[in-house]
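Right, one structure below, let's go through it.
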Number of protein chains: 2
Amino acid sequence: MDQRRADKIRETLEQLIITGAFADGERLDEIRLSERFSVSRTPLREAFQMLAASGLLELVPRRGAYVRHPGIIELVEMFEVMAELEGMCGRLAARRLTNDGLGAIKQAAEDCETALGSGNADAYYSENERFHNLLYEASGNSFLAAEARKLQRRLQPFRRMQLRVRGRMKQSMDEHRTIVAALEAGNAGAAERALRDHIAVQGEKFNDLMAQYNQSKPKRAV
Amino acid sequence: MDQRRADKIRETLEQLIITGAFADGERLDEIRLSERFSVSRTPLREAFQMLAASGLLELVPRRGAYVRHPGIIELVEMFEVMAELEGMCGRLAARRLTNDGLGAIKQAAEDCETALGSGNADAYYSENERFHNLLYEASGNSFLAAEARKLQRRLQPFRRMQLRVRGRMKQSMDEHRTIVAALEAGNAGAAERALRDHIAVQGEKFNDLMAQYNQSKPKRAV
DNA sequence: ACTGCGTGTTTTGTATACAAAAATCTTGAC
DNA sequence: GTCAAGATTTTTGTATACAAAACACGCAGT
């Protein structure tokens, strides 16, 4: 089952949905899209399936595929779960972390600082992602790491957005230091709390951000 | 996109995989299966996609679909995450639970007791599932509830299996009482701990069970 | 004018046909 | 007898053809 084209289409559509090129609730026309991508409906529909599985589309039988942007409530819920997962990663990592693993995480944290110093938000974001991914792996639980990555990926655009909040980058960096210190000390409870708060604050900041930004967002028809 | 047939096939295949009718690592032949279900390859492939998304199949490009039974390590990892999710549900539920919600949960717990009294393991299992599902909902976080249900569903056959352990049903019931008491008292910490342990012990018991049972399980070729 | 029904169109779901890649088998050289 | 290269067969991925369900529009009746 070669997802060569289907997978490429999935990625493209994913970006289009995430970046908001498709509005919430919009119906995706199979024929028009297949013409746009110069493929038949078959790989396109496979892409639909995958996107639906990750929650970006809703497939209504005999009706079509509808873009499904998470509402503010769902987003807060997702951040809440993300905070828990990251906290769990921290707790486990504090107990299971090897010297090499800790070294890699410290390195990633330093790279974050460098990016922060240069004021490059994109670089900071990418290093930050690496920092967190290393942490997921350090939990020693591959399933947990995979789930965390999956959710992180879905929250990606919103995390990114909230880095724009004034002073958030610096605050985030401070939190990283707390996290690293807890990991280094092998303090599971402290690592868990630090990480949970680190994410939870993102959810809250995001909530604030949306409150002012998102005044007139049209809700999709069900 | 009418998954009428595709969805039916997915369910059937899901059961066949879960019950072990297909061995781990076995390659599923599209043509043979489509003949067996009297459908074309198209809906069958859609079913494959869905099963791959939930981790029951692995789709190797240009190679085919391979059954993917979780190994013992992955199962323990999944139980570990399940414990965390359920604990989180308990923590949130203890704070957010309404009187009606609490009543429903207490009722479900009682139904569990009834089933336990009658010695009917299947009934106990089904009531137990209801108890837990109510708890997920009571967390007030729909996304969390959905994730919990998804993982519960995937662990279902293994949870069921471990209920066969001697005295486990009674012990499980005692734990339910502790959980309900914590919820009733609105004690978030106690509810979280009780639920996390409730699931964690399942993972451990399961581990024991497998250690003796699973001596000569053939590992699939990668 | 509004509602209910029927026809025609659009669109989804499924089957089949076709292309290309992988697997298998055959044949020949050493 | 073994191994390798080429031909043949399977099998996957994609395109297209077809069936049926949903939708839209118009028309008749009240």
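In the structure tokens, each chain is lettered A, B, ... as it comes, each chain's residues begin at 1, and ligands are numbered from 1 in order of appearance.
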
Spatial neighbours of Phe143 (chain B), 12 Å, only C-alpha atoms (C1' of nucleotides), chain gap at least 3 places, as a CSV table (one decimal) with N, CA and C atoms, in the first residue's frame:
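Final file, out-v5.csv:
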```
chain,number,residue,atom,x,y,z
A,55,GLY,N,-8.3,13.6,13.3
A,55,GLY,CA,-9.2,14.5,13.8
A,55,GLY,C,-9.3,15.8,13.1
A,70,PRO,N,-10.4,22.7,15.7
A,70,PRO,CA,-10.8,22.6,17.1
A,70,PRO,C,-11.4,23.9,17.6
A,71,GLY,N,-12.4,23.9,18.4
A,71,GLY,CA,-12.9,25.1,19.0
A,71,GLY,C,-12.1,25.4,20.2
A,73,ILE,N,-12.9,25.5,23.3
A,73,ILE,CA,-13.0,24.6,24.4
A,73,ILE,C,-12.2,23.3,24.2
A,74,GLU,N,-12.3,22.8,23.0
A,74,GLU,CA,-11.6,21.6,22.7
A,74,GLU,C,-10.1,21.8,22.8
A,75,LEU,N,-9.6,23.0,22.4
A,75,LEU,CA,-8.2,23.3,22.5
A,75,LEU,C,-7.7,23.3,23.9
A,76,VAL,N,-8.5,23.9,24.8
A,76,VAL,CA,-8.2,24.0,26.2
A,76,VAL,C,-8.1,22.6,26.7
A,77,GLU,N,-9.1,21.7,26.3
A,77,GLU,CA,-9.1,20.3,26.8
A,77,GLU,C,-7.8,19.6,26.3
A,78,MET,N,-7.4,19.9,25.0
A,78,MET,CA,-6.2,19.2,24.5
A,78,MET,C,-5.0,19.7,25.3
A,79,PHE,N,-4.9,21.0,25.6
A,79,PHE,CA,-3.8,21.4,26.3
A,79,PHE,C,-3.7,20.8,27.7
A,80,GLU,N,-4.9,20.6,28.3
A,80,GLU,CA,-5.0,20.0,29.6
A,80,GLU,C,-4.4,18.6,29.6
A,81,VAL,N,-4.7,17.8,28.5
A,81,VAL,CA,-4.2,16.5,28.4
A,81,VAL,C,-2.7,16.5,28.1
A,82,MET,N,-2.3,17.4,27.2
A,82,MET,CA,-0.9,17.6,26.9
A,82,MET,C,-0.1,17.8,28.1
A,151,LEU,N,0.0,14.4,19.9
A,151,LEU,CA,-0.7,15.5,20.4
A,151,LEU,C,0.0,16.9,20.2
B,85,LEU,N,-4.1,8.4,32.5
B,85,LEU,CA,-5.3,9.0,32.0
B,85,LEU,C,-6.4,8.8,33.0
B,89,CYS,N,-8.6,11.6,35.0
B,89,CYS,CA,-10.0,11.7,35.0
B,89,CYS,C,-10.5,11.8,36.4
B,136,TYR,N,-14.9,8.8,32.8
B,136,TYR,CA,-14.2,9.6,31.8
B,136,TYR,C,-15.1,10.8,31.5
B,137,GLU,N,-16.3,10.6,31.3
B,137,GLU,CA,-17.2,11.7,31.0
B,137,GLU,C,-17.2,12.7,32.2
B,138,ALA,N,-17.2,12.2,33.4
B,138,ALA,CA,-17.3,13.1,34.6
B,138,ALA,C,-16.1,14.0,34.7
B,139,SER,N,-15.0,13.7,34.0
B,139,SER,CA,-13.8,14.5,34.0
B,139,SER,C,-14.1,15.9,33.5
B,140,GLY,N,-15.2,16.0,32.7
B,140,GLY,CA,-15.6,17.3,32.1
B,140,GLY,C,-14.7,17.7,30.9
B,146,ALA,N,-12.5,11.0,25.3
B,146,ALA,CA,-12.3,10.2,24.0
B,146,ALA,C,-11.0,9.5,24.0
B,147,GLU,N,-10.0,10.1,24.4
B,147,GLU,CA,-8.7,9.4,24.4
B,147,GLU,C,-8.7,8.2,25.3
B,148,ALA,N,-9.3,8.4,26.5
B,148,ALA,CA,-9.4,7.3,27.5
B,148,ALA,C,-10.2,6.1,26.9
B,149,ARG,N,-11.3,6.5,26.2
B,149,ARG,CA,-12.1,5.4,25.7
B,149,ARG,C,-11.3,4.6,24.6
B,150,LYS,N,-10.6,5.4,23.8
B,150,LYS,CA,-9.9,4.8,22.7
B,150,LYS,C,-8.8,3.8,23.2
```

Would you give me, as number ranges by chain, the residues of chain D that come within 10 Å of chain B, using only C-alpha atoms (C1' of nucleotides)?
D: 11-13, 21

Nearest to chain C: which of A:Lys205, A:Arg91, A:Arg41, A:Arg193 is it, counting only C-alpha atoms (C1' of nucleotides)?
A:Arg41

I need the residues in region 15-175 of chain B that are strand (DSSP E) according to DSSP; give them as an MDAnalysis selection string.
chainID B and resid 27:28 57:60 64:67

Mind writing the picked residues with C-alpha atoms as a PDB file, in the first residue's frame?
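Printed below is selection07.pdb as written:
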```pdb
ATOM      1  CA  ARG B  27       0.184 -10.490   6.059  1.00  0.00           C
ATOM      2  CA  LEU B  28      -3.401  -9.814   5.043  1.00  0.00           C
ATOM      3  CA  LEU B  57      -2.196  -3.028  11.342  1.00  0.00           C
ATOM      4  CA  GLU B  58       1.037  -1.828   9.892  1.00  0.00           C
ATOM      5  CA  LEU B  59       0.865  -0.676   6.307  1.00  0.00           C
ATOM      6  CA  VAL B  60       4.167  -1.140   4.578  1.00  0.00           C
ATOM      7  CA  GLY B  64       1.101  -5.015   2.203  1.00  0.00           C
ATOM      8  CA  ALA B  65      -0.728  -4.895   5.500  1.00  0.00           C
ATOM      9  CA  TYR B  66       0.721  -6.754   8.464  1.00  0.00           C
ATOM     10  CA  VAL B  67      -1.085  -7.634  11.669  1.00  0.00           C
TER      11      VAL B  67
END
```

Taking only C-alpha atoms (C1' of nucleotides) into account, which residues of chain B are within 12 Å of chain C, as a list in words?
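On the chain B side, the interface is Met1, Asp2, Gln3, Arg4, Arg5, Ala6, Ser34, Ser38, Val39, Ser40, Arg41, Thr42, Pro43, Leu44, Arg45, Glu46, Pro61, Arg62, Arg63 and Gly64 of chain B.
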
Keeping only C-alpha atoms, take the residues you just selected and write them out as a PDB file, in the first residue's frame.
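What follows is the written file selection19.pdb:
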```pdb
ATOM      1  CA  MET B   1     -18.055   8.865   2.129  1.00  0.00           C
ATOM      2  CA  ASP B   2     -20.207   6.024   3.213  1.00  0.00           C
ATOM      3  CA  GLN B   3     -18.222   3.621   5.305  1.00  0.00           C
ATOM      4  CA  ARG B   4     -21.151   1.273   5.338  1.00  0.00           C
ATOM      5  CA  ARG B   5     -19.221  -1.705   4.013  1.00  0.00           C
ATOM      6  CA  ALA B   6     -15.793  -0.397   4.861  1.00  0.00           C
ATOM      7  CA  SER B  34     -12.102  -9.109  -0.534  1.00  0.00           C
ATOM      8  CA  SER B  38     -17.591 -10.375  -1.120  1.00  0.00           C
ATOM      9  CA  VAL B  39     -16.476  -6.814  -1.714  1.00  0.00           C
ATOM     10  CA  SER B  40     -13.939  -5.196  -3.947  1.00  0.00           C
ATOM     11  CA  ARG B  41     -10.517  -4.142  -2.775  1.00  0.00           C
ATOM     12  CA  THR B  42     -11.551  -0.516  -2.393  1.00  0.00           C
ATOM     13  CA  PRO B  43     -13.602  -0.717   0.819  1.00  0.00           C
ATOM     14  CA  LEU B  44     -11.205  -3.309   2.156  1.00  0.00           C
ATOM     15  CA  ARG B  45      -8.306  -0.919   1.753  1.00  0.00           C
ATOM     16  CA  GLU B  46     -10.270   1.784   3.504  1.00  0.00           C
ATOM     17  CA  PRO B  61       4.268   0.723   1.275  1.00  0.00           C
ATOM     18  CA  ARG B  62       4.299  -1.581  -1.730  1.00  0.00           C
ATOM     19  CA  ARG B  63       4.467  -4.556   0.595  1.00  0.00           C
ATOM     20  CA  GLY B  64       1.101  -5.015   2.203  1.00  0.00           C
TER      21      GLY B  64
END
```

I need the residues of region 40-204 of chain A that end up classed as alpha helix (DSSP H) by DSSP on the backbone, written out as an MDAnalysis selection string.
chainID A and resid 41:53 72:96 99:118 121:138 142:162 168:184 188:204

Skip Tyr125 (chain A) itself and residues of its chain fewer than 2 positions away, then list as number ranges by chain all residues within 12 Å of it, counting only C-alpha atoms (C1' of nucleotides).
A: 108-109, 111-116, 119-123, 127-132, 156-164, 168-169, 172-173

I want to know what sits within 12 Å of Thr12 (chain B), based on only C-alpha atoms (C1' of nucleotides), with residues of the same chain fewer than 2 positions away left out; could you give that as a PDB file with N, CA, C and O atoms, in the first residue's frame?
```
ATOM      1  N   ARG B   5     -19.927  -0.428   4.109  1.00  0.00           N
ATOM      2  CA  ARG B   5     -19.221  -1.705   4.013  1.00  0.00           C
ATOM      3  C   ARG B   5     -17.846  -1.626   4.638  1.00  0.00           C
ATOM      4  O   ARG B   5     -17.428  -2.517   5.371  1.00  0.00           O
ATOM      5  N   ALA B   6     -17.148  -0.535   4.332  1.00  0.00           N
ATOM      6  CA  ALA B   6     -15.793  -0.397   4.861  1.00  0.00           C
ATOM      7  C   ALA B   6     -15.804  -0.478   6.383  1.00  0.00           C
ATOM      8  O   ALA B   6     -14.956  -1.141   6.984  1.00  0.00           O
ATOM      9  N   ASP B   7     -16.784   0.143   6.990  1.00  0.00           N
ATOM     10  CA  ASP B   7     -16.862   0.177   8.443  1.00  0.00           C
ATOM     11  C   ASP B   7     -17.173  -1.196   9.018  1.00  0.00           C
ATOM     12  O   ASP B   7     -16.608  -1.602  10.024  1.00  0.00           O
ATOM     13  N   LYS B   8     -18.058  -1.877   8.328  1.00  0.00           N
ATOM     14  CA  LYS B   8     -18.405  -3.230   8.761  1.00  0.00           C
ATOM     15  C   LYS B   8     -17.172  -4.130   8.687  1.00  0.00           C
ATOM     16  O   LYS B   8     -16.888  -4.892   9.615  1.00  0.00           O
ATOM     17  N   ILE B   9     -16.451  -3.997   7.591  1.00  0.00           N
ATOM     18  CA  ILE B   9     -15.235  -4.795   7.426  1.00  0.00           C
ATOM     19  C   ILE B   9     -14.229  -4.454   8.516  1.00  0.00           C
ATOM     20  O   ILE B   9     -13.597  -5.339   9.096  1.00  0.00           O
ATOM     21  N   ARG B  10     -14.109  -3.163   8.800  1.00  0.00           N
ATOM     22  CA  ARG B  10     -13.176  -2.749   9.843  1.00  0.00           C
ATOM     23  C   ARG B  10     -13.505  -3.434  11.162  1.00  0.00           C
ATOM     24  O   ARG B  10     -12.636  -4.007  11.813  1.00  0.00           O
ATOM     25  N   GLU B  14     -11.204  -6.062  12.951  1.00  0.00           N
ATOM     26  CA  GLU B  14     -10.760  -5.683  14.286  1.00  0.00           C
ATOM     27  C   GLU B  14     -10.957  -6.845  15.252  1.00  0.00           C
ATOM     28  O   GLU B  14     -10.045  -7.213  16.000  1.00  0.00           O
ATOM     29  N   GLN B  15     -12.143  -7.416  15.227  1.00  0.00           N
ATOM     30  CA  GLN B  15     -12.416  -8.548  16.099  1.00  0.00           C
ATOM     31  C   GLN B  15     -11.491  -9.711  15.795  1.00  0.00           C
ATOM     32  O   GLN B  15     -10.936 -10.344  16.694  1.00  0.00           O
ATOM     33  N   LEU B  16     -11.321  -9.978  14.501  1.00  0.00           N
ATOM     34  CA  LEU B  16     -10.473 -11.111  14.111  1.00  0.00           C
ATOM     35  C   LEU B  16      -9.042 -10.908  14.588  1.00  0.00           C
ATOM     36  O   LEU B  16      -8.373 -11.856  15.015  1.00  0.00           O
ATOM     37  N   ILE B  17      -8.580  -9.668  14.516  1.00  0.00           N
ATOM     38  CA  ILE B  17      -7.210  -9.409  14.965  1.00  0.00           C
ATOM     39  C   ILE B  17      -7.132  -9.523  16.473  1.00  0.00           C
ATOM     40  O   ILE B  17      -6.259 -10.204  17.028  1.00  0.00           O
ATOM     41  N   ILE B  18      -8.088  -8.868  17.152  1.00  0.00           N
ATOM     42  CA  ILE B  18      -8.059  -8.831  18.608  1.00  0.00           C
ATOM     43  C   ILE B  18      -8.183 -10.215  19.220  1.00  0.00           C
ATOM     44  O   ILE B  18      -7.499 -10.555  20.181  1.00  0.00           O
ATOM     45  N   THR B  19      -9.071 -11.011  18.639  1.00  0.00           N
ATOM     46  CA  THR B  19      -9.275 -12.351  19.196  1.00  0.00           C
ATOM     47  C   THR B  19      -8.136 -13.294  18.829  1.00  0.00           C
ATOM     48  O   THR B  19      -8.104 -14.434  19.287  1.00  0.00           O
ATOM     49  N   ALA B  21      -7.390 -14.403  15.743  1.00  0.00           N
ATOM     50  CA  ALA B  21      -7.612 -15.255  14.583  1.00  0.00           C
ATOM     51  C   ALA B  21      -6.521 -15.018  13.538  1.00  0.00           C
ATOM     52  O   ALA B  21      -6.174 -15.924  12.775  1.00  0.00           O
ATOM     53  N   PHE B  22      -6.010 -13.808  13.527  1.00  0.00           N
ATOM     54  CA  PHE B  22      -4.833 -13.540  12.703  1.00  0.00           C
ATOM     55  C   PHE B  22      -3.623 -13.444  13.627  1.00  0.00           C
ATOM     56  O   PHE B  22      -3.647 -12.743  14.635  1.00  0.00           O
ATOM     57  N   LEU B  33      -9.106 -11.575   1.062  1.00  0.00           N
ATOM     58  CA  LEU B  33     -10.052 -11.010   2.017  1.00  0.00           C
ATOM     59  C   LEU B  33     -11.243 -10.382   1.298  1.00  0.00           C
ATOM     60  O   LEU B  33     -12.379 -10.479   1.766  1.00  0.00           O
ATOM     61  N   ARG B  36     -13.449 -13.099   0.448  1.00  0.00           N
ATOM     62  CA  ARG B  36     -14.078 -13.624   1.665  1.00  0.00           C
ATOM     63  C   ARG B  36     -15.242 -12.743   2.108  1.00  0.00           C
ATOM     64  O   ARG B  36     -16.267 -13.251   2.561  1.00  0.00           O
ATOM     65  N   PHE B  37     -15.092 -11.429   1.990  1.00  0.00           N
ATOM     66  CA  PHE B  37     -16.161 -10.525   2.403  1.00  0.00           C
ATOM     67  C   PHE B  37     -17.088 -10.146   1.246  1.00  0.00           C
ATOM     68  O   PHE B  37     -18.027  -9.367   1.441  1.00  0.00           O
ATOM     69  N   LEU B  44     -12.124  -2.571   1.307  1.00  0.00           N
ATOM     70  CA  LEU B  44     -11.205  -3.309   2.156  1.00  0.00           C
ATOM     71  C   LEU B  44      -9.990  -2.459   2.494  1.00  0.00           C
ATOM     72  O   LEU B  44      -9.541  -2.404   3.652  1.00  0.00           O
ATOM     73  N   ALA B  47     -10.740   0.022   5.087  1.00  0.00           N
ATOM     74  CA  ALA B  47     -10.726  -0.599   6.415  1.00  0.00           C
ATOM     75  C   ALA B  47      -9.283  -0.731   6.903  1.00  0.00           C
ATOM     76  O   ALA B  47      -8.991  -0.452   8.075  1.00  0.00           O
ATOM     77  N   PHE B  48      -8.398  -1.134   6.014  1.00  0.00           N
ATOM     78  CA  PHE B  48      -6.984  -1.241   6.367  1.00  0.00           C
ATOM     79  C   PHE B  48      -6.467   0.086   6.921  1.00  0.00           C
ATOM     80  O   PHE B  48      -5.776   0.125   7.932  1.00  0.00           O
ATOM     81  N   LEU B  51      -7.690   0.653  10.423  1.00  0.00           N
ATOM     82  CA  LEU B  51      -7.050  -0.236  11.388  1.00  0.00           C
ATOM     83  C   LEU B  51      -5.601   0.175  11.619  1.00  0.00           C
ATOM     84  O   LEU B  51      -5.096   0.080  12.744  1.00  0.00           O
TER      85      LEU B  51
END
```

At what distance in Å, to one decimal, does CA of His176 (chain B) lie from CA of Glu110 (chain B)?
9.7 Å

Which is closest to chain A among B:Glu11, B:Glu86, B:Glu35, B:Asp24, if we use only C-alpha atoms?
B:Glu86
